[in-house]
file protein36.cif (mmCIF, C-alpha atoms and all ligand atoms)
data_entry
loop_
_atom_site.label_atom_id
_atom_site.label_comp_id
_atom_site.auth_asym_id
_atom_site.auth_seq_id
_atom_site.Cartn_x
_atom_site.Cartn_y
_atom_site.Cartn_z
CA MET A 5 -1.24 81.68 149.74
CA CYS A 6 1.37 80.30 152.14
CA ASP A 7 -1.01 77.47 153.11
CA PHE A 8 -1.55 76.62 149.46
CA ILE A 9 2.20 76.54 148.75
CA ARG A 10 2.88 74.41 151.85
CA LYS A 11 0.07 71.99 151.01
CA HIS A 12 0.87 71.52 147.32
CA GLY A 13 4.63 72.12 147.37
CA HIS A 14 4.31 74.23 144.23
CA ALA A 15 1.99 76.92 142.89
CA ASN A 16 1.52 79.21 139.92
CA ILE A 17 0.89 82.66 141.32
CA GLY A 18 -0.11 85.82 139.50
CA PHE A 19 1.34 88.94 141.10
CA ALA A 20 0.10 92.51 140.81
CA THR A 21 2.14 95.68 141.19
CA GLY A 22 0.82 98.92 142.67
CA SER A 23 0.75 100.15 146.22
CA THR A 24 -2.10 97.93 147.47
CA PRO A 25 -0.39 94.51 147.73
CA LEU A 26 2.82 95.81 149.32
CA GLY A 27 1.73 94.68 152.80
CA VAL A 28 1.07 91.18 151.46
CA TYR A 29 4.51 91.06 149.89
CA LYS A 30 6.07 92.21 153.17
CA TYR A 31 4.22 89.41 154.93
CA LEU A 32 5.42 86.84 152.37
CA ILE A 33 9.02 88.03 152.83
CA GLU A 34 8.73 87.76 156.62
CA SER A 35 7.17 84.30 156.33
CA TYR A 36 10.07 83.20 154.14
CA GLN A 37 12.66 84.73 156.50
CA LYS A 38 11.09 82.91 159.44
CA GLY A 39 11.30 79.64 157.50
CA LYS A 40 7.52 79.26 157.31
CA VAL A 41 7.34 79.01 153.53
CA SER A 42 9.62 78.45 150.56
CA PHE A 43 9.02 79.86 147.08
CA GLN A 44 11.54 77.57 145.37
CA ASN A 45 8.85 75.66 143.53
CA ILE A 46 6.50 78.46 142.58
CA GLN A 47 6.11 79.99 139.14
CA ALA A 48 5.34 83.72 139.18
CA PHE A 49 3.42 85.56 136.48
CA ASN A 50 3.23 89.34 136.43
CA LEU A 51 -0.11 90.83 135.44
CA ASP A 52 0.91 93.72 133.26
CA GLU A 53 3.67 96.09 132.13
CA TYR A 54 4.39 99.39 130.42
CA VAL A 55 5.01 99.25 126.69
CA GLY A 56 8.41 100.65 125.74
CA LEU A 57 10.26 99.81 128.96
CA LYS A 58 12.70 96.92 129.15
CA PRO A 59 12.05 94.54 132.08
CA GLY A 60 15.23 95.89 133.75
CA HIS A 61 14.10 99.54 133.53
CA PRO A 62 13.81 100.96 137.07
CA ARG A 63 10.17 102.01 136.53
CA SER A 64 9.03 98.74 134.94
CA PHE A 65 6.57 96.55 136.82
CA ALA A 66 9.08 93.71 136.45
CA SER A 67 11.62 95.80 138.44
CA ALA A 68 8.99 96.76 141.01
CA MET A 69 8.12 93.11 141.69
CA LYS A 70 11.81 92.29 141.99
CA LYS A 71 12.39 95.14 144.43
CA ASP A 72 9.26 94.56 146.52
CA LEU A 73 9.26 90.76 146.62
CA PHE A 74 11.32 88.53 144.37
CA SER A 75 14.79 89.72 145.41
CA HIS A 76 13.94 88.93 149.06
CA ILE A 77 12.69 85.35 148.67
CA ASP A 78 14.07 82.09 147.32
CA ILE A 79 12.15 82.05 144.03
CA ARG A 80 14.25 80.80 141.08
CA LEU A 81 15.02 83.52 138.52
CA GLU A 82 13.82 81.30 135.67
CA SER A 83 10.45 80.93 137.41
CA ILE A 84 9.67 84.65 137.17
CA HIS A 85 7.59 85.34 134.07
CA VAL A 86 6.87 88.82 132.78
CA LEU A 87 5.37 90.51 129.76
CA ASP A 88 8.29 92.22 128.02
CA GLY A 89 7.04 95.66 126.94
CA SER A 90 10.20 96.34 124.96
CA GLN A 91 9.65 93.68 122.30
CA GLN A 92 9.40 94.84 118.66
CA ASP A 93 6.51 92.52 117.94
CA MET A 94 4.12 92.97 120.85
CA ASP A 95 1.44 90.74 119.28
CA GLN A 96 3.90 87.88 119.30
CA GLU A 97 4.90 88.71 122.87
CA CYS A 98 1.24 88.63 123.93
CA GLN A 99 0.74 85.26 122.24
CA ARG A 100 3.86 83.89 123.95
CA TYR A 101 2.61 84.97 127.36
CA GLU A 102 -0.94 83.76 126.76
CA SER A 103 0.24 80.27 125.84
CA LEU A 104 2.70 80.22 128.76
CA ILE A 105 -0.23 80.83 131.12
CA LYS A 106 -2.40 78.31 129.26
CA ASN A 107 0.29 75.67 129.88
CA ASN A 108 0.78 76.75 133.50
CA PRO A 109 -2.71 77.63 134.79
CA ILE A 110 -2.64 80.19 137.56
CA ASP A 111 -3.69 78.90 140.98
CA ILE A 112 -3.92 82.23 142.78
CA GLN A 113 -4.13 85.64 141.14
CA ILE A 114 -3.66 88.83 143.13
CA LEU A 115 -5.55 91.83 141.77
CA GLY A 116 -6.05 95.49 142.58
CA ILE A 117 -8.60 97.96 141.27
CA GLY A 118 -7.52 101.08 139.37
CA MET A 119 -9.08 104.51 139.81
CA ASP A 120 -11.04 104.00 136.57
CA GLY A 121 -12.19 100.51 137.59
CA HIS A 122 -9.52 98.67 135.63
CA ILE A 123 -8.07 95.29 136.58
CA ALA A 124 -4.51 94.74 135.48
CA TYR A 125 -4.35 97.23 132.59
CA ASN A 126 -7.77 96.29 131.22
CA GLU A 127 -9.17 99.76 130.87
CA PRO A 128 -12.92 100.53 130.61
CA GLY A 129 -14.21 99.11 127.33
CA SER A 130 -11.92 96.04 127.41
CA PRO A 131 -13.70 92.86 126.34
CA LEU A 132 -14.62 90.59 129.25
CA ASP A 133 -13.21 87.56 127.39
CA GLY A 134 -10.05 89.30 126.13
CA MET A 135 -6.61 87.71 126.06
CA CYS A 136 -3.18 89.37 126.55
CA HIS A 137 -3.06 92.59 124.57
CA VAL A 138 -1.61 96.09 124.25
CA VAL A 139 -3.76 98.97 125.55
CA ASP A 140 -3.78 102.74 125.37
CA LEU A 141 -3.69 103.84 129.00
CA HIS A 142 -6.50 106.08 130.22
CA GLN A 143 -5.72 109.39 131.87
CA GLU A 144 -6.48 108.06 135.41
CA SER A 145 -3.97 105.25 134.92
CA ILE A 146 -1.33 107.64 133.59
CA GLU A 147 -1.85 109.95 136.57
CA SER A 148 -1.77 107.04 139.06
CA SER A 149 1.64 106.09 137.64
CA LEU A 150 3.08 109.15 139.38
CA ASP A 151 2.75 107.08 142.59
CA TYR A 152 5.07 104.48 141.06
CA GLY A 153 8.19 106.64 140.91
CA PHE A 154 7.86 108.64 137.69
CA ASP A 155 9.06 112.20 138.26
CA ASN A 156 6.63 113.79 135.85
CA ILE A 157 3.68 112.80 133.77
CA GLN A 158 5.52 113.20 130.46
CA ASP A 159 7.77 110.28 131.41
CA VAL A 160 4.87 107.85 131.90
CA PRO A 161 4.44 105.47 128.94
CA ARG A 162 1.12 105.94 127.13
CA GLN A 163 0.59 102.25 126.48
CA GLY A 164 0.54 99.14 128.61
CA VAL A 165 0.50 95.42 127.89
CA THR A 166 -1.71 93.27 130.04
CA GLN A 167 -3.19 89.89 130.69
CA GLY A 168 -6.73 90.09 129.31
CA ILE A 169 -9.82 89.79 131.46
CA GLY A 170 -10.40 86.36 129.90
CA THR A 171 -6.86 85.35 130.90
CA ILE A 172 -7.39 86.53 134.47
CA MET A 173 -10.78 84.84 134.81
CA LYS A 174 -9.17 81.44 134.11
CA ALA A 175 -7.18 81.63 137.36
CA HIS A 176 -8.54 79.18 139.94
CA GLN A 177 -8.67 81.73 142.77
CA LEU A 178 -8.75 85.52 142.61
CA ILE A 179 -7.69 87.70 145.51
CA MET A 180 -8.95 91.23 144.89
CA MET A 181 -7.51 93.84 147.23
CA ALA A 182 -8.33 97.49 147.81
CA LYS A 183 -7.22 100.00 150.41
CA GLY A 184 -8.38 103.42 151.45
CA GLN A 185 -11.45 105.63 151.28
CA LYS A 186 -10.55 106.72 147.74
CA LYS A 187 -11.44 103.19 146.58
CA ALA A 188 -14.78 102.97 148.46
CA LYS A 189 -17.09 104.03 145.60
CA LEU A 190 -15.15 101.89 143.15
CA VAL A 191 -15.44 98.84 145.42
CA GLU A 192 -19.17 99.44 145.83
CA LYS A 193 -19.58 99.53 142.05
CA MET A 194 -17.39 96.47 141.60
CA ILE A 195 -19.50 94.41 144.01
CA TYR A 196 -23.07 95.70 143.55
CA GLY A 197 -22.90 97.21 140.08
CA GLU A 198 -23.70 95.72 136.71
CA VAL A 199 -21.08 93.40 135.24
CA THR A 200 -19.91 95.40 132.28
CA SER A 201 -16.79 95.99 130.25
CA ASP A 202 -17.28 99.70 131.04
CA PHE A 203 -16.19 98.84 134.58
CA PRO A 204 -13.80 95.91 134.14
CA SER A 205 -13.32 94.94 137.79
CA SER A 206 -17.07 94.14 138.02
CA VAL A 207 -16.24 90.92 136.16
CA ILE A 208 -15.04 89.32 139.40
CA GLN A 209 -18.73 88.82 140.23
CA ASN A 210 -18.68 86.09 137.56
CA HIS A 211 -15.81 84.15 139.15
CA ASP A 212 -16.56 81.20 141.46
CA HIS A 213 -13.61 81.66 143.81
CA VAL A 214 -12.95 85.27 144.75
CA LEU A 215 -11.65 86.63 147.98
CA VAL A 216 -12.12 90.41 148.29
CA CYS A 217 -9.79 91.89 150.92
CA LEU A 218 -10.55 95.45 151.96
CA ASP A 219 -9.51 97.77 154.70
CA GLN A 220 -12.20 99.77 156.49
CA GLY A 221 -11.96 102.76 154.18
CA ALA A 222 -12.37 100.72 151.00
CA ALA A 223 -15.23 98.72 152.57
CA SER A 224 -17.08 101.76 153.87
CA GLN A 225 -19.78 101.74 151.16
CA LEU A 226 -20.65 98.06 151.59
CA LYS A 227 -23.57 96.73 153.58
CA GLU A 228 -22.29 95.02 156.67
CA GLU A 229 -24.22 91.81 155.96
CA ASP A 230 -22.20 91.46 152.78
CA TYR A 231 -18.83 91.25 154.53
CA GLU A 232 -17.69 87.64 154.11
CA ARG A 233 -20.00 87.26 151.16
CA TYR A 234 -17.02 86.08 149.13
P1 LIG B 301 -2.80 100.73 143.41
O1 LIG B 301 -3.13 100.31 141.90
O2 LIG B 301 -2.66 99.44 144.17
O3 LIG B 301 -1.53 101.48 143.33
O4 LIG B 301 -3.95 101.54 143.90
C1 LIG B 301 -4.14 99.41 141.64
C2 LIG B 301 -4.33 99.22 140.16
O5 LIG B 301 -4.13 100.16 139.38
O6 LIG B 301 -4.69 98.10 139.73
#

call {"tool": "encode", "arguments": {"input": "protein36.cif", "output": "structure tokens"}}
result
Amino acid sequence: MCDFIRKHGHANIGFATGSTPLGVYKYLIESYQKGKVSFQNIQAFNLDEYVGLKPGHPRSFASAMKKDLFSHIDIRLESIHVLDGSQQDMDQECQRYESLIKNNPIDIQILGIGMDGHIAYNEPGSPLDGMCHVVDLHQESIESSLDYGFDNIQDVPRQGVTQGIGTIMKAHQLIMMAKGQKKAKLVEKMIYGEVTSDFPSSVIQNHDHVLVCLDQGAASQLKEEDYERY
């Protein structure tokens, strides 16, 4: 990502929240602090958000990205783009975000995989060509939210708003990341399984430029000859 920014001078980057990319964000902050890269000319696009939380809410994904990355680098505030889950008319908000991305195609999109196989908040059953939309969160996603600072499950919003799978697949490069043994079976299914909306992350098999970054635990169900396949 740093190479891309240095080479082109600017970049449109899609950022994911969750625990997985935190090491990457730490690395980007360190690279900035050492003067190796500047984010002044990047545009940032968050992947998803909770419905019902204002961007400034402490548990929003917008706040998490600010805390974990944006407040530590030289990105311009007006270059940070988020889905606003507190809008009255969420259909309009989704259309606004979809056309913003259409006019600023994403160069590099960071992704994680959820415990139910979701990417962004595209839960199982989401259409593979879907655009930005509101979703009812599945139980696994609600439970995983407890890792993101909610004190109890009742406080977790029941809906999310997300870039669609179709939106994500238009990015020029995908970087899919997974960490830990608990993701091993999911990663195996994502890479060897059928491409199906029942397991949304499997769609990355259809993308021409995907980098899958795994630690040993997450890669433990893969055949060794397939490492570097992507
Ligand atoms: P995690 O979330 O990085 O916290 O495991 C991934 C996801 O739900 O997409």

call {"tool": "closest_residue", "arguments": {"input": "protein36.cif", "among": "A:Gln99, A:Asn126, A:Gln143, A:Ser64", "to": "Ile157 of chain A", "atoms": "all atoms listed in the file"}}
result
A:Gln143

call {"tool": "residues_near_point", "arguments": {"input": "protein36.cif", "point": "(3.5, 89.0, 123.5)", "cutoff": "12 Å", "atoms": "only C-alpha atoms", "output": "JSON, numbers by chain"}}
result
{"A": [52, 53, 55, 85, 86, 87, 88, 89, 90, 91, 92, 93, 94, 95, 96, 97, 98, 99, 100, 101, 102, 103, 104, 105, 135, 136, 137, 138, 164, 165, 166, 167, 168]}

call {"tool": "residues_around", "arguments": {"input": "protein36.cif", "residues": "segment 201-213 of chain A", "least_positions_apart": "5", "cutoff": "8 Å", "atoms": "all atoms listed in the file", "output": "ChimeraX atom specification"}}
result
/A:117,120-123,126-132,169,173,176-178,193-195,234

call {"tool": "residues_near_ligand", "arguments": {"input": "protein36.cif", "ligand": "ligand LIG 301 (chain B)", "cutoff": "9 Å", "atoms": "only C-alpha atoms and all ligand atoms", "output": "PDB file with C-alpha atoms, in the coordinates of the input"}}
result
ATOM      1  CA  ALA A  20       0.100  92.510 140.810  1.00  0.00           C
ATOM      2  CA  THR A  21       2.140  95.680 141.190  1.00  0.00           C
ATOM      3  CA  GLY A  22       0.820  98.920 142.670  1.00  0.00           C
ATOM      4  CA  SER A  23       0.750 100.150 146.220  1.00  0.00           C
ATOM      5  CA  THR A  24      -2.100  97.930 147.470  1.00  0.00           C
ATOM      6  CA  PRO A  25      -0.390  94.510 147.730  1.00  0.00           C
ATOM      7  CA  LEU A  26       2.820  95.810 149.320  1.00  0.00           C
ATOM      8  CA  LEU A 115      -5.550  91.830 141.770  1.00  0.00           C
ATOM      9  CA  GLY A 116      -6.050  95.490 142.580  1.00  0.00           C
ATOM     10  CA  ILE A 117      -8.600  97.960 141.270  1.00  0.00           C
ATOM     11  CA  GLY A 118      -7.520 101.080 139.370  1.00  0.00           C
ATOM     12  CA  MET A 119      -9.080 104.510 139.810  1.00  0.00           C
ATOM     13  CA  ASP A 120     -11.040 104.000 136.570  1.00  0.00           C
ATOM     14  CA  GLY A 121     -12.190 100.510 137.590  1.00  0.00           C
ATOM     15  CA  HIS A 122      -9.520  98.670 135.630  1.00  0.00           C
ATOM     16  CA  ILE A 123      -8.070  95.290 136.580  1.00  0.00           C
ATOM     17  CA  ALA A 124      -4.510  94.740 135.480  1.00  0.00           C
ATOM     18  CA  TYR A 125      -4.350  97.230 132.590  1.00  0.00           C
ATOM     19  CA  SER A 145      -3.970 105.250 134.920  1.00  0.00           C
ATOM     20  CA  SER A 148      -1.770 107.040 139.060  1.00  0.00           C
ATOM     21  CA  SER A 149       1.640 106.090 137.640  1.00  0.00           C
ATOM     22  CA  ASP A 151       2.750 107.080 142.590  1.00  0.00           C
ATOM     23  CA  TYR A 152       5.070 104.480 141.060  1.00  0.00           C
ATOM     24  CA  MET A 181      -7.510  93.840 147.230  1.00  0.00           C
ATOM     25  CA  ALA A 182      -8.330  97.490 147.810  1.00  0.00           C
ATOM     26  CA  LYS A 183      -7.220 100.000 150.410  1.00  0.00           C
ATOM     27  CA  GLY A 184      -8.380 103.420 151.450  1.00  0.00           C
ATOM     28  CA  LYS A 187     -11.440 103.190 146.580  1.00  0.00           C
TER      29      LYS A 187
END

call {"tool": "atom_distance", "arguments": {"input": "protein36.cif", "atom1": "atom CA of Ile112 of chain A", "atom2": "atom CA of Leu190 of chain A"}}
result
22.6 Å

call {"tool": "build_atoms", "arguments": {"input": "protein36.cif", "residues": "segment 215-229 of chain A", "atoms": "N, CA, C and O atoms", "output": "compact mmCIF listing (two decimals), in the coordinates of the input"}}
result
# COMPACT_ATOMS: atom_id res chain seq x y z
N LEU A 215 -11.77 86.08 146.64
CA LEU A 215 -11.65 86.63 147.98
C LEU A 215 -11.42 88.13 147.80
O LEU A 215 -10.50 88.53 147.09
N VAL A 216 -12.30 88.96 148.38
CA VAL A 216 -12.12 90.41 148.29
C VAL A 216 -11.60 90.88 149.64
O VAL A 216 -12.26 90.69 150.66
N CYS A 217 -10.42 91.45 149.65
CA CYS A 217 -9.79 91.89 150.92
C CYS A 217 -9.74 93.41 150.93
O CYS A 217 -9.10 94.01 150.08
N LEU A 218 -10.42 93.99 151.91
CA LEU A 218 -10.55 95.45 151.96
C LEU A 218 -10.17 95.95 153.34
O LEU A 218 -10.43 95.27 154.33
N ASP A 219 -9.63 97.15 153.39
CA ASP A 219 -9.51 97.77 154.70
C ASP A 219 -10.83 98.53 154.95
O ASP A 219 -11.73 98.55 154.10
N GLN A 220 -10.94 99.14 156.13
CA GLN A 220 -12.20 99.77 156.49
C GLN A 220 -12.63 100.86 155.52
O GLN A 220 -13.80 100.98 155.18
N GLY A 221 -11.65 101.66 155.10
CA GLY A 221 -11.96 102.76 154.18
C GLY A 221 -12.55 102.23 152.88
O GLY A 221 -13.61 102.68 152.44
N ALA A 222 -11.90 101.26 152.29
CA ALA A 222 -12.37 100.72 151.00
C ALA A 222 -13.70 99.99 151.14
O ALA A 222 -14.48 99.92 150.19
N ALA A 223 -13.98 99.47 152.34
CA ALA A 223 -15.23 98.72 152.57
C ALA A 223 -16.37 99.61 153.04
O ALA A 223 -17.49 99.12 153.23
N SER A 224 -16.12 100.91 153.15
CA SER A 224 -17.08 101.76 153.87
C SER A 224 -18.42 101.94 153.15
O SER A 224 -19.39 102.36 153.76
N GLN A 225 -18.49 101.61 151.87
CA GLN A 225 -19.78 101.74 151.16
C GLN A 225 -20.52 100.41 151.07
O GLN A 225 -21.56 100.32 150.42
N LEU A 226 -19.99 99.37 151.68
CA LEU A 226 -20.65 98.06 151.59
C LEU A 226 -21.62 97.88 152.74
O LEU A 226 -21.43 98.42 153.82
N LYS A 227 -22.65 97.07 152.49
CA LYS A 227 -23.57 96.73 153.58
C LYS A 227 -22.87 95.71 154.45
O LYS A 227 -22.23 94.78 153.94
N GLU A 228 -23.06 95.87 155.76
CA GLU A 228 -22.29 95.02 156.67
C GLU A 228 -22.60 93.54 156.48
O GLU A 228 -21.71 92.69 156.60
N GLU A 229 -23.88 93.23 156.12
CA GLU A 229 -24.22 91.81 155.96
C GLU A 229 -23.49 91.18 154.77
O GLU A 229 -23.47 89.96 154.62
